[in-house]
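> What follows is work35.cif, mmCIF, C-alpha atoms.
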data_model
#
loop_
_atom_site.group_PDB
_atom_site.id
_atom_site.type_symbol
_atom_site.label_atom_id
_atom_site.label_comp_id
_atom_site.auth_asym_id
_atom_site.auth_seq_id
_atom_site.Cartn_x
_atom_site.Cartn_y
_atom_site.Cartn_z
ATOM 1 C CA MET A 20 -10.090 19.217 -3.959
ATOM 2 C CA ARG A 21 -6.781 17.640 -2.972
ATOM 3 C CA VAL A 22 -6.619 13.921 -3.705
ATOM 4 C CA LEU A 23 -4.094 11.117 -3.467
ATOM 5 C CA VAL A 24 -4.110 8.439 -6.174
ATOM 6 C CA VAL A 25 -2.590 4.961 -6.071
ATOM 7 C CA ASP A 26 -2.296 2.696 -9.111
ATOM 8 C CA THR A 27 -0.759 -0.785 -9.072
ATOM 9 C CA ALA A 28 -3.228 -2.578 -11.351
ATOM 10 C CA LEU A 29 -1.178 -2.980 -14.522
ATOM 11 C CA GLY A 30 2.322 -2.188 -15.770
ATOM 12 C CA LEU A 31 2.728 1.037 -13.834
ATOM 13 C CA CYS A 32 3.252 1.812 -10.186
ATOM 14 C CA SER A 33 1.971 5.336 -9.563
ATOM 15 C CA ALA A 34 1.379 7.494 -6.506
ATOM 16 C CA GLY A 35 0.509 11.162 -6.652
ATOM 17 C CA VAL A 36 -1.080 14.056 -4.850
ATOM 18 C CA PHE A 37 -3.142 16.396 -7.032
ATOM 19 C CA ALA A 38 -5.127 19.584 -6.679
ATOM 20 C CA VAL A 39 -8.253 19.057 -8.803
ATOM 21 C CA ASP A 40 -10.337 22.018 -9.910
ATOM 22 C CA SER A 41 -14.103 21.708 -9.830
ATOM 23 C CA GLY A 42 -15.748 21.025 -13.173
ATOM 24 C CA VAL A 43 -17.304 18.356 -15.343
ATOM 25 C CA GLY A 44 -15.418 15.082 -14.991
ATOM 26 C CA GLY A 45 -13.429 16.423 -12.068
ATOM 27 C CA GLY A 46 -11.866 19.426 -13.834
ATOM 28 C CA ALA A 47 -8.137 19.961 -14.348
ATOM 29 C CA ALA A 48 -5.693 18.085 -12.113
ATOM 30 C CA ARG A 49 -2.465 19.807 -11.042
ATOM 31 C CA PRO A 50 0.267 17.506 -9.687
ATOM 32 C CA LEU A 51 1.702 18.542 -6.323
ATOM 33 C CA GLY A 52 3.841 15.440 -5.895
ATOM 34 C CA LEU A 53 4.084 12.484 -8.256
ATOM 35 C CA ARG A 54 6.015 9.256 -8.651
ATOM 36 C CA SER A 55 5.273 6.836 -11.504
ATOM 37 C CA GLU A 56 7.411 3.992 -12.831
ATOM 38 C CA VAL A 57 6.869 1.298 -15.430
ATOM 39 C CA MET A 58 7.102 -2.125 -13.778
ATOM 40 C CA ALA A 59 5.550 -5.512 -14.432
ATOM 41 C CA LYS A 60 6.127 -6.696 -10.865
ATOM 42 C CA GLY A 61 7.564 -5.376 -7.616
ATOM 43 C CA HIS A 62 4.739 -2.955 -6.786
ATOM 44 C CA GLN A 63 4.627 -4.156 -3.189
ATOM 45 C CA GLU A 64 8.258 -3.266 -2.579
ATOM 46 C CA ARG A 65 8.102 0.145 -4.261
ATOM 47 C CA LEU A 66 4.660 1.570 -3.453
ATOM 48 C CA ALA A 67 5.187 2.801 0.115
ATOM 49 C CA GLY A 68 8.368 4.665 -0.778
ATOM 50 C CA MET A 69 6.745 6.255 -3.813
ATOM 51 C CA VAL A 70 3.784 7.451 -1.739
ATOM 52 C CA ARG A 71 6.179 8.822 0.888
ATOM 53 C CA ASP A 72 8.142 10.780 -1.720
ATOM 54 C CA ALA A 73 5.072 12.077 -3.559
ATOM 55 C CA VAL A 74 3.413 13.194 -0.328
ATOM 56 C CA GLY A 75 6.667 14.780 0.812
ATOM 57 C CA ASP A 76 6.853 16.850 -2.377
ATOM 58 C CA ALA A 77 3.242 17.930 -1.802
ATOM 59 C CA GLY A 78 4.007 19.165 1.709
ATOM 60 C CA GLY A 79 2.434 16.282 3.624
ATOM 61 C CA PHE A 80 -0.982 14.714 3.991
ATOM 62 C CA GLU A 81 -2.641 17.896 5.223
ATOM 63 C CA GLY A 82 -5.551 18.837 3.000
ATOM 64 C CA VAL A 83 -5.915 15.427 1.340
ATOM 65 C CA GLU A 84 -9.689 14.890 1.171
ATOM 66 C CA ARG A 85 -9.932 11.637 -0.738
ATOM 67 C CA ILE A 86 -7.864 8.669 -1.909
ATOM 68 C CA GLY A 87 -8.451 6.986 -5.258
ATOM 69 C CA VAL A 88 -7.174 3.508 -6.095
ATOM 70 C CA THR A 89 -7.466 1.442 -9.263
ATOM 71 C CA VAL A 90 -9.640 -1.625 -8.674
ATOM 72 C CA GLY A 91 -9.244 -3.512 -11.941
ATOM 73 C CA PRO A 92 -9.400 -5.277 -14.130
ATOM 74 C CA GLY A 93 -5.707 -5.980 -13.764
ATOM 75 C CA SER A 94 -3.095 -8.115 -12.069
ATOM 76 C CA PHE A 95 -4.509 -10.078 -9.122
ATOM 77 C CA THR A 96 -1.462 -9.396 -6.945
ATOM 78 C CA GLY A 97 -1.075 -5.788 -8.063
ATOM 79 C CA LEU A 98 -4.700 -4.980 -7.296
ATOM 80 C CA ARG A 99 -4.432 -6.441 -3.801
ATOM 81 C CA VAL A 100 -1.278 -4.432 -3.075
ATOM 82 C CA GLY A 101 -2.851 -1.116 -4.066
ATOM 83 C CA LEU A 102 -6.196 -1.768 -2.405
ATOM 84 C CA ALA A 103 -4.699 -2.856 0.915
ATOM 85 C CA PHE A 104 -2.374 0.138 1.007
ATOM 86 C CA ALA A 105 -5.036 2.682 0.041
ATOM 87 C CA GLN A 106 -7.597 1.372 2.515
ATOM 88 C CA GLY A 107 -5.088 1.269 5.348
ATOM 89 C CA LEU A 108 -3.973 4.820 4.591
ATOM 90 C CA GLY A 109 -7.564 6.022 4.292
ATOM 91 C CA ALA A 110 -8.386 4.565 7.699
ATOM 92 C CA ALA A 111 -5.328 6.216 9.235
ATOM 93 C CA LEU A 112 -6.135 9.617 7.734
ATOM 94 C CA GLY A 113 -9.890 9.369 8.208
ATOM 95 C CA VAL A 114 -10.652 10.138 4.555
ATOM 96 C CA PRO A 115 -12.827 8.187 2.078
ATOM 97 C CA VAL A 116 -11.246 5.787 -0.404
ATOM 98 C CA VAL A 117 -12.877 5.393 -3.813
ATOM 99 C CA GLY A 118 -12.339 2.662 -6.373
ATOM 100 C CA ILE A 119 -11.529 3.684 -9.937
ATOM 101 C CA SER A 120 -11.965 1.294 -12.865
ATOM 102 C CA THR A 121 -8.691 0.679 -14.671
ATOM 103 C CA LEU A 122 -10.513 0.792 -18.015
ATOM 104 C CA ASP A 123 -12.199 4.087 -17.132
ATOM 105 C CA GLY A 124 -8.799 5.462 -16.145
ATOM 106 C CA LEU A 125 -7.307 4.423 -19.475
ATOM 107 C CA ALA A 126 -10.153 6.030 -21.421
ATOM 108 C CA ALA A 127 -9.863 9.241 -19.388
ATOM 109 C CA SER A 128 -6.152 9.324 -20.234
ATOM 110 C CA VAL A 129 -6.927 9.994 -23.905
ATOM 111 C CA ALA A 130 -7.674 13.606 -24.712
ATOM 112 C CA GLY A 131 -10.194 14.740 -27.313
ATOM 113 C CA GLU A 132 -13.717 14.002 -28.455
ATOM 114 C CA GLY A 133 -14.985 11.005 -30.394
ATOM 115 C CA SER A 134 -14.950 7.279 -29.708
ATOM 116 C CA THR A 135 -12.571 5.363 -27.465
ATOM 117 C CA ALA A 136 -11.850 1.693 -26.831
ATOM 118 C CA ALA A 137 -9.987 0.904 -23.609
ATOM 119 C CA LEU A 138 -8.377 -2.523 -23.860
ATOM 120 C CA ILE A 139 -6.246 -4.617 -21.514
ATOM 121 C CA ASP A 140 -4.475 -7.766 -22.681
ATOM 122 C CA ALA A 141 -6.127 -10.547 -20.652
ATOM 123 C CA ARG A 142 -4.076 -13.364 -22.261
ATOM 124 C CA ARG A 143 -5.650 -16.604 -23.519
ATOM 125 C CA GLY A 144 -6.942 -14.842 -26.639
ATOM 126 C CA GLN A 145 -9.003 -12.283 -24.722
ATOM 127 C CA VAL A 146 -9.001 -8.618 -23.772
ATOM 128 C CA TYR A 147 -10.765 -6.743 -21.021
ATOM 129 C CA ALA A 148 -12.601 -3.953 -22.782
ATOM 130 C CA ARG A 149 -14.958 -1.032 -22.459
ATOM 131 C CA PHE A 150 -16.116 1.303 -25.216
ATOM 132 C CA TRP A 151 -17.173 4.953 -25.320
ATOM 133 C CA ARG A 152 -18.885 7.070 -27.963
ATOM 134 C CA ASP A 153 -18.694 10.854 -27.496
ATOM 135 C CA GLY A 154 -17.939 10.398 -23.807
ATOM 136 C CA ALA A 155 -20.830 7.997 -23.132
ATOM 137 C CA ALA A 156 -19.981 4.436 -22.095
ATOM 138 C CA GLN A 157 -21.437 1.837 -24.472
ATOM 139 C CA GLY A 158 -22.090 -0.782 -21.824
ATOM 140 C CA PRO A 159 -20.113 -2.238 -18.916
ATOM 141 C CA ALA A 160 -16.579 -3.591 -18.871
ATOM 142 C CA GLU A 161 -16.345 -7.050 -20.436
ATOM 143 C CA ALA A 162 -13.944 -9.906 -21.138
ATOM 144 C CA LEU A 163 -14.080 -10.400 -24.927
ATOM 145 C CA SER A 164 -12.304 -12.452 -27.541
ATOM 146 C CA ILE A 165 -9.853 -10.453 -29.607
ATOM 147 C CA GLU A 166 -12.055 -10.762 -32.697
ATOM 148 C CA ALA A 167 -15.187 -9.633 -30.820
ATOM 149 C CA ALA A 168 -13.324 -6.630 -29.409
ATOM 150 C CA ARG A 169 -12.013 -5.751 -32.874
ATOM 151 C CA GLU A 170 -15.552 -5.776 -34.294
ATOM 152 C CA ARG A 171 -16.885 -3.659 -31.426
ATOM 153 C CA ALA A 172 -14.117 -1.109 -31.919
ATOM 154 C CA ARG A 173 -14.671 -0.953 -35.692
ATOM 155 C CA ALA A 174 -18.372 -0.319 -35.109
ATOM 156 C CA LEU A 175 -17.416 2.922 -33.355
ATOM 157 C CA GLY A 176 -15.942 4.317 -36.570
ATOM 158 C CA PRO A 177 -12.575 4.617 -38.334
ATOM 159 C CA ASP A 178 -11.237 7.246 -35.955
ATOM 160 C CA VAL A 179 -11.777 5.295 -32.726
ATOM 161 C CA ARG A 180 -8.911 5.778 -30.284
ATOM 162 C CA LEU A 181 -7.387 2.569 -28.892
ATOM 163 C CA VAL A 182 -5.741 2.773 -25.494
ATOM 164 C CA GLY A 183 -4.261 0.190 -23.147
ATOM 165 C CA SER A 184 -2.052 -2.884 -23.331
ATOM 166 C CA GLY A 185 -4.572 -4.647 -25.580
ATOM 167 C CA ALA A 186 -4.594 -1.945 -28.256
ATOM 168 C CA GLY A 187 -2.011 -3.673 -30.439
ATOM 169 C CA LEU A 188 -4.013 -6.908 -30.415
ATOM 170 C CA ILE A 189 -6.946 -5.419 -32.312
ATOM 171 C CA ALA A 190 -5.318 -2.553 -34.216
ATOM 172 C CA ASP A 191 -4.984 -2.733 -37.991
ATOM 173 C CA ASP A 192 -1.309 -1.939 -37.489
ATOM 174 C CA PRO A 193 0.103 -4.718 -35.255
ATOM 175 C CA ALA A 194 2.958 -2.411 -34.267
ATOM 176 C CA THR A 195 0.528 -0.190 -32.342
ATOM 177 C CA ALA A 196 1.902 0.279 -28.838
ATOM 178 C CA GLY A 197 -0.495 0.281 -25.913
ATOM 179 C CA SER A 198 0.004 2.299 -22.748
ATOM 180 C CA PRO A 199 1.162 0.372 -19.650
ATOM 181 C CA GLY A 200 -1.479 1.974 -17.443
ATOM 182 C CA PRO A 201 -3.714 4.997 -16.815
ATOM 183 C CA VAL A 202 -2.236 8.489 -16.643
ATOM 184 C CA PRO A 203 -2.181 9.558 -12.953
ATOM 185 C CA GLU A 204 -3.742 12.947 -13.762
ATOM 186 C CA ALA A 205 -6.734 11.145 -15.297
ATOM 187 C CA LEU A 206 -7.100 9.028 -12.168
ATOM 188 C CA ALA A 207 -7.038 12.188 -10.058
ATOM 189 C CA ARG A 208 -9.899 13.712 -12.066
ATOM 190 C CA LEU A 209 -11.961 10.542 -11.749
ATOM 191 C CA THR A 210 -11.212 10.342 -8.014
ATOM 192 C CA ALA A 211 -12.488 13.879 -7.442
ATOM 193 C CA ALA A 212 -15.637 13.222 -9.490
ATOM 194 C CA ALA A 213 -16.456 9.816 -7.945
ATOM 195 C CA ASP A 214 -19.183 9.298 -5.360
ATOM 196 C CA PRO A 215 -17.688 7.312 -2.456
ATOM 197 C CA ALA A 216 -21.077 5.703 -1.821
ATOM 198 C CA THR A 217 -21.219 4.102 -5.273
ATOM 199 C CA ASN A 218 -17.521 3.550 -5.996
ATOM 200 C CA PRO A 219 -16.219 1.319 -3.208
ATOM 201 C CA PRO A 220 -12.590 0.166 -3.145
ATOM 202 C CA ARG A 221 -13.325 -3.431 -4.131
ATOM 203 C CA PRO A 222 -11.466 -5.469 -6.754
ATOM 204 C CA VAL A 223 -13.118 -5.941 -10.144
ATOM 205 C CA TYR A 224 -12.613 -9.320 -11.816
ATOM 206 C CA LEU A 225 -14.112 -9.963 -15.240
ATOM 207 C CA ARG A 226 -12.985 -13.572 -15.508
ATOM 208 C CA ALA A 227 -12.806 -16.490 -13.117
ATOM 209 C CA PRO A 228 -9.342 -17.064 -11.606
ATOM 210 C CA ASP A 229 -6.995 -19.437 -13.420
ATOM 211 C CA ALA A 230 -6.236 -21.343 -10.209
ATOM 212 C CA THR A 231 -8.341 -24.405 -9.388
ATOM 213 C CA PRO A 232 -8.876 -26.068 -5.999
ATOM 214 C CA PRO A 233 -6.699 -29.125 -5.293
ATOM 215 C CA SER A 234 -8.165 -32.500 -6.225
ATOM 216 C CA ARG A 235 -6.856 -34.132 -3.025
ATOM 217 C CA LEU A 236 -5.818 -33.074 0.461
ATOM 218 C CA PRO A 237 -2.142 -32.924 1.517
ATOM 219 C CA GLY A 238 -0.969 -36.464 2.275
ATOM 220 C CA GLN A 239 -3.956 -38.050 0.605
ATOM 221 C CA PRO A 240 -2.933 -40.788 -1.873
ATOM 222 C CA ARG A 241 -3.458 -40.242 -5.562
ATOM 223 C CA PRO A 242 -6.442 -42.088 -7.029
ATOM 224 C CA ALA A 243 -5.654 -45.319 -8.847
ATOM 225 C CA PRO A 244 -5.570 -45.095 -12.666
ATOM 226 C CA GLY A 245 -9.027 -45.521 -14.079
ATOM 227 C CA ALA A 246 -10.708 -44.860 -10.728
#
Could you quickly redo this structure as structure tokens?


Amino acid sequence: MRVLVVDTALGLCSAGVFAVDSGVGGGAARPLGLRSEVMAKGHQERLAGMVRDAVGDAGGFEGVERIGVTVGPGSFTGLRVGLAFAQGLGAALGVPVVGISTLDGLAASVAGEGSTAALIDARRGQVYARFWRDGAAQGPAEALSIEAARERARALGPDVRLVGSGAGLIADDPATAGSPGPVPEALARLTAAADPATNPPRPVYLRAPDATPPSRLPGQPRPAPGA
């Protein structure tokens, strides 16, 4: 299967076309055209050009059967950029668009057997986390305190692999560096394996937004002290 993947959820901006062999978990993914850059912001300005270049290297859109896009957890703005672009492109090409969990993409980026903890720094003393033991997810994605995530990871054993921007927050070695985002090849495998009916391209938020509604309308006077 030929797939196009788009990732703007975290600290990477990635666009790639892959040929994915059939097999468990989507099989091997061979890049036909790929652009991926580390960036904390600016995805909106860069994404279209990166898709254009990746698709150009792959020989065009012909044969693309599915588009995969990361749906979170991640940056509110970044998620919206990727989702809007992927859905618009899917409508234009007439191909299904599937949503891929950012945490699942991070876990799939780590090769080998055993236990894995995918962790994203959520700020405010929390991480977004999901845990796997021998390839089986140990529950859904969650927003956890750093201490709770550390205990969950330790329960998986001493050889648990930590991946993601939150890895250094719970690692015994504070110098542990977390990856800025999922590996595009892993996203391609998950895209090929996903069922479009059960993996819609909708944003995933594990915590309420930081913004709060205004306490007064524009032009409305401020309440008197003590009122």

> Pick the closest to Gly183 of chain A from A:Arg208, A:Lys60, A:Arg149, A:Arg54: which is it, counting all atoms listed in the file?

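Checking each of A:Arg208, A:Lys60, A:Arg149, A:Arg54 against Gly183 of chain A, counting all atoms listed in the file, the winner is A:Arg149.
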
> Show me, as an MDAnalysis selection string, the residues that have an atom within 9 Å of Phe95 of chain A when counting all atoms listed in the file, minus same-chain residues fewer than 5 positions from it.

chainID A and resid 28 100 222 224 228

> Counting only C-alpha atoms, which residues come within 10 Å of (-14.5, 6.6, -33.9), with the point read in the file's coordinates, and could you list them as a list in words?

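Output: Glu132, Gly133, Ser134, Thr135, Ala136, Trp151, Arg152, Asp153, Ala172, Arg173, Ala174, Leu175, Gly176, Pro177, Asp178, Val179, Arg180 and Leu181 of chain A.
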
> Once the PyMOL selection byres ((chain A and resi 32) around 6) has been evaluated on this model, what residues remain selected, and can you format them as a list of chain:residue names?

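Checking the PyMOL selection byres ((chain A and resi 32) around 6) against this file, the residues are A:Asp26, A:Thr27, A:Leu31, A:Ser33, A:Ser55, A:Glu56.
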
> To verify the selection step, state as a list of chain:residue names which residues the PyMOL selection byres ((chain A and resi 199) around 7) yields on this input.

A:Leu29, A:Gly30, A:Leu31, A:Gly183, A:Ser184, A:Gly197, A:Ser198, A:Gly200

> List, as a short mmCIF file (atom, residue, chain, number, x, y, z; two decimals) with C-alpha atoms, in the frame of the given file, every residue that the PyMOL selection byres ((chain A and resi 140-144) around 7) selects in the file provided.


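The new file out.cif reads:
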data_model
loop_
_atom_site.label_atom_id
_atom_site.label_comp_id
_atom_site.auth_asym_id
_atom_site.auth_seq_id
_atom_site.Cartn_x
_atom_site.Cartn_y
_atom_site.Cartn_z
CA LEU A 138 -8.38 -2.52 -23.86
CA ILE A 139 -6.25 -4.62 -21.51
CA GLN A 145 -9.00 -12.28 -24.72
CA VAL A 146 -9.00 -8.62 -23.77
CA TYR A 147 -10.76 -6.74 -21.02
CA SER A 164 -12.30 -12.45 -27.54
CA ILE A 165 -9.85 -10.45 -29.61
CA SER A 184 -2.05 -2.88 -23.33
CA GLY A 185 -4.57 -4.65 -25.58
#

> Tell me which protein, DNA and RNA residues are within 12 Å of Asp76 of chain A, counting only C-alpha atoms, leaving out same-chain ones fewer than 3 positions away, and put them as an mmCIF file with C-alpha atoms, in the frame of the given file.


data_model
loop_
_atom_site.group_PDB
_atom_site.id
_atom_site.type_symbol
_atom_site.label_atom_id
_atom_site.label_comp_id
_atom_site.auth_asym_id
_atom_site.auth_seq_id
_atom_site.Cartn_x
_atom_site.Cartn_y
_atom_site.Cartn_z
ATOM 1 C CA ALA A 34 1.379 7.494 -6.506
ATOM 2 C CA GLY A 35 0.509 11.162 -6.652
ATOM 3 C CA VAL A 36 -1.080 14.056 -4.850
ATOM 4 C CA PHE A 37 -3.142 16.396 -7.032
ATOM 5 C CA PRO A 50 0.267 17.506 -9.687
ATOM 6 C CA LEU A 51 1.702 18.542 -6.323
ATOM 7 C CA GLY A 52 3.841 15.440 -5.895
ATOM 8 C CA LEU A 53 4.084 12.484 -8.256
ATOM 9 C CA ARG A 54 6.015 9.256 -8.651
ATOM 10 C CA MET A 69 6.745 6.255 -3.813
ATOM 11 C CA VAL A 70 3.784 7.451 -1.739
ATOM 12 C CA ARG A 71 6.179 8.822 0.888
ATOM 13 C CA ASP A 72 8.142 10.780 -1.720
ATOM 14 C CA ALA A 73 5.072 12.077 -3.559
ATOM 15 C CA GLY A 79 2.434 16.282 3.624
ATOM 16 C CA PHE A 80 -0.982 14.714 3.991
#

> So that I can see what lies close to segment 104-111 of chain A, please list as a short mmCIF file (atom, residue, chain, number, x, y, z; two decimals) with C-alpha atoms, keeping the file's coordinate frame the residues with an atom at most 9 Å from it, counting all atoms listed in the file and leaving out residues fewer than 6 positions away in the same chain.


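This went into selection.cif:
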data_model
loop_
_atom_site.label_atom_id
_atom_site.label_comp_id
_atom_site.auth_asym_id
_atom_site.auth_seq_id
_atom_site.Cartn_x
_atom_site.Cartn_y
_atom_site.Cartn_z
CA VAL A 24 -4.11 8.44 -6.17
CA VAL A 25 -2.59 4.96 -6.07
CA LEU A 66 4.66 1.57 -3.45
CA ALA A 67 5.19 2.80 0.12
CA ARG A 85 -9.93 11.64 -0.74
CA ILE A 86 -7.86 8.67 -1.91
CA GLY A 87 -8.45 6.99 -5.26
CA VAL A 88 -7.17 3.51 -6.10
CA PRO A 220 -12.59 0.17 -3.14
#

> Taking every listed atom of segment 155-172 of chain A and adding 8 Å to each side, what centre and edge lengths in Å (one decimal) does the axis-aligned box have, as lines of an AutoDock Vina configuration file?


center_x = -16.0
center_y = -2.2
center_z = -26.6
size_x = 28.2
size_y = 36.4
size_z = 31.4

> Would you compute the distance between atom CA of Ala103 of chain A and atom CA of Pro215 of chain A? Give it in Å to one decimal.

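These atoms are spaced 16.8 Å apart.
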
> Go ahead and compute the interatomic distance for atom CA of Met20 of chain A and atom CA of Arg99 of chain A, in Å to one decimal.

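Separating atom CA of Met20 of chain A from atom CA of Arg99 of chain A is a distance of 26.3 Å.
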
> What does the distance between atom CA of Ala47 of chain A and atom CA of Glu81 of chain A come to in Å, to one decimal place?

20.4 Å

> Restricting the calculation to all atoms listed in the file: of A:Arg171, A:Phe150, A:Pro92, A:Ala137, which residue gets closest to Gly187 of chain A?

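Going through A:Arg171, A:Phe150, A:Pro92, A:Ala137 one by one, the smallest distance to Gly187 of chain A is for A:Ala137.
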
> Considering all atoms listed in the file, can you say which of A:Gly118, A:Gly158, A:Gly113, A:Pro219 comes closest to Glu84 of chain A?

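Of the candidates, the smallest distance to Glu84 of chain A is held by A:Gly113.
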
> Using all atoms listed in the file for the distances, tell me which of A:Val182, A:Ala59, A:Leu209, A:Val223 is nearest to Leu23 of chain A.

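Looking at the shortest contact to Leu23 of chain A, the residue is A:Leu209.
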
> Of the residues A:Ala77, A:Val83, A:Asp123, A:Ser94, which is the one nearest to Leu206 of chain A, using all atoms listed in the file?

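Ranking A:Ala77, A:Val83, A:Asp123, A:Ser94 by distance to Leu206 of chain A, first place goes to A:Asp123.
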
> Could N, CA and C atoms be built for segment 205-230 of chain A and written out as a PDB file, keeping the file's coordinate frame?


ATOM      1  N   ALA A 205      -5.380  11.602 -14.986  1.00  0.00           N
ATOM      2  CA  ALA A 205      -6.734  11.145 -15.297  1.00  0.00           C
ATOM      3  C   ALA A 205      -7.360  10.466 -14.088  1.00  0.00           C
ATOM      4  N   LEU A 206      -6.586   9.669 -13.375  1.00  0.00           N
ATOM      5  CA  LEU A 206      -7.100   9.028 -12.168  1.00  0.00           C
ATOM      6  C   LEU A 206      -7.484  10.054 -11.115  1.00  0.00           C
ATOM      7  N   ALA A 207      -6.718  11.133 -11.023  1.00  0.00           N
ATOM      8  CA  ALA A 207      -7.038  12.188 -10.058  1.00  0.00           C
ATOM      9  C   ALA A 207      -8.370  12.846 -10.387  1.00  0.00           C
ATOM     10  N   ARG A 208      -8.626  13.112 -11.674  1.00  0.00           N
ATOM     11  CA  ARG A 208      -9.899  13.712 -12.066  1.00  0.00           C
ATOM     12  C   ARG A 208     -11.062  12.786 -11.738  1.00  0.00           C
ATOM     13  N   LEU A 209     -10.895  11.504 -12.040  1.00  0.00           N
ATOM     14  CA  LEU A 209     -11.961  10.542 -11.749  1.00  0.00           C
ATOM     15  C   LEU A 209     -12.174  10.392 -10.240  1.00  0.00           C
ATOM     16  N   THR A 210     -11.103  10.445  -9.474  1.00  0.00           N
ATOM     17  CA  THR A 210     -11.212  10.342  -8.014  1.00  0.00           C
ATOM     18  C   THR A 210     -12.023  11.499  -7.453  1.00  0.00           C
ATOM     19  N   ALA A 211     -11.758  12.709  -7.928  1.00  0.00           N
ATOM     20  CA  ALA A 211     -12.488  13.879  -7.442  1.00  0.00           C
ATOM     21  C   ALA A 211     -13.951  13.834  -7.839  1.00  0.00           C
ATOM     22  N   ALA A 212     -14.253  13.244  -8.993  1.00  0.00           N
ATOM     23  CA  ALA A 212     -15.637  13.222  -9.490  1.00  0.00           C
ATOM     24  C   ALA A 212     -16.444  12.054  -8.927  1.00  0.00           C
ATOM     25  N   ALA A 213     -15.770  11.040  -8.370  1.00  0.00           N
ATOM     26  CA  ALA A 213     -16.456   9.816  -7.945  1.00  0.00           C
ATOM     27  C   ALA A 213     -17.270  10.035  -6.675  1.00  0.00           C
ATOM     28  N   ASP A 214     -18.371   9.314  -6.569  1.00  0.00           N
ATOM     29  CA  ASP A 214     -19.183   9.298  -5.360  1.00  0.00           C
ATOM     30  C   ASP A 214     -18.707   8.135  -4.492  1.00  0.00           C
ATOM     31  N   PRO A 215     -18.177   8.410  -3.298  1.00  0.00           N
ATOM     32  CA  PRO A 215     -17.688   7.312  -2.456  1.00  0.00           C
ATOM     33  C   PRO A 215     -18.743   6.260  -2.149  1.00  0.00           C
ATOM     34  N   ALA A 216     -20.012   6.650  -2.143  1.00  0.00           N
ATOM     35  CA  ALA A 216     -21.077   5.703  -1.821  1.00  0.00           C
ATOM     36  C   ALA A 216     -21.289   4.668  -2.915  1.00  0.00           C
ATOM     37  N   THR A 217     -20.966   5.014  -4.152  1.00  0.00           N
ATOM     38  CA  THR A 217     -21.219   4.102  -5.273  1.00  0.00           C
ATOM     39  C   THR A 217     -19.949   3.609  -5.953  1.00  0.00           C
ATOM     40  N   ASN A 218     -18.794   3.980  -5.425  1.00  0.00           N
ATOM     41  CA  ASN A 218     -17.521   3.550  -5.996  1.00  0.00           C
ATOM     42  C   ASN A 218     -16.617   3.002  -4.892  1.00  0.00           C
ATOM     43  N   PRO A 219     -16.995   1.869  -4.317  1.00  0.00           N
ATOM     44  CA  PRO A 219     -16.219   1.319  -3.208  1.00  0.00           C
ATOM     45  C   PRO A 219     -14.875   0.770  -3.676  1.00  0.00           C
ATOM     46  N   PRO A 220     -13.902   0.723  -2.782  1.00  0.00           N
ATOM     47  CA  PRO A 220     -12.590   0.166  -3.145  1.00  0.00           C
ATOM     48  C   PRO A 220     -12.597  -1.355  -3.079  1.00  0.00           C
ATOM     49  N   ARG A 221     -13.243  -1.981  -4.053  1.00  0.00           N
ATOM     50  CA  ARG A 221     -13.325  -3.431  -4.131  1.00  0.00           C
ATOM     51  C   ARG A 221     -12.779  -3.894  -5.475  1.00  0.00           C
ATOM     52  N   PRO A 222     -12.066  -5.018  -5.489  1.00  0.00           N
ATOM     53  CA  PRO A 222     -11.466  -5.469  -6.754  1.00  0.00           C
ATOM     54  C   PRO A 222     -12.527  -5.874  -7.768  1.00  0.00           C
ATOM     55  N   VAL A 223     -12.236  -5.590  -9.040  1.00  0.00           N
ATOM     56  CA  VAL A 223     -13.118  -5.941 -10.144  1.00  0.00           C
ATOM     57  C   VAL A 223     -12.453  -7.048 -10.948  1.00  0.00           C
ATOM     58  N   TYR A 224     -13.102  -8.194 -11.028  1.00  0.00           N
ATOM     59  CA  TYR A 224     -12.613  -9.320 -11.816  1.00  0.00           C
ATOM     60  C   TYR A 224     -13.647  -9.639 -12.891  1.00  0.00           C
ATOM     61  N   LEU A 225     -13.207  -9.688 -14.133  1.00  0.00           N
ATOM     62  CA  LEU A 225     -14.112  -9.963 -15.240  1.00  0.00           C
ATOM     63  C   LEU A 225     -14.024 -11.398 -15.721  1.00  0.00           C
ATOM     64  N   ARG A 226     -13.151 -12.185 -15.108  1.00  0.00           N
ATOM     65  CA  ARG A 226     -12.985 -13.572 -15.508  1.00  0.00           C
ATOM     66  C   ARG A 226     -12.649 -14.391 -14.281  1.00  0.00           C
ATOM     67  N   ALA A 227     -13.099 -15.629 -14.255  1.00  0.00           N
ATOM     68  CA  ALA A 227     -12.806 -16.490 -13.117  1.00  0.00           C
ATOM     69  C   ALA A 227     -11.301 -16.692 -12.990  1.00  0.00           C
ATOM     70  N   PRO A 228     -10.787 -16.873 -11.780  1.00  0.00           N
ATOM     71  CA  PRO A 228      -9.342 -17.064 -11.606  1.00  0.00           C
ATOM     72  C   PRO A 228      -8.858 -18.323 -12.297  1.00  0.00           C
ATOM     73  N   ASP A 229      -7.581 -18.285 -12.748  1.00  0.00           N
ATOM     74  CA  ASP A 229      -6.995 -19.437 -13.420  1.00  0.00           C
ATOM     75  C   ASP A 229      -6.763 -20.599 -12.460  1.00  0.00           C
ATOM     76  N   ALA A 230      -6.532 -20.293 -11.182  1.00  0.00           N
ATOM     77  CA  ALA A 230      -6.236 -21.343 -10.209  1.00  0.00           C
ATOM     78  C   ALA A 230      -7.473 -22.200  -9.957  1.00  0.00           C
TER      79      ALA A 230
END
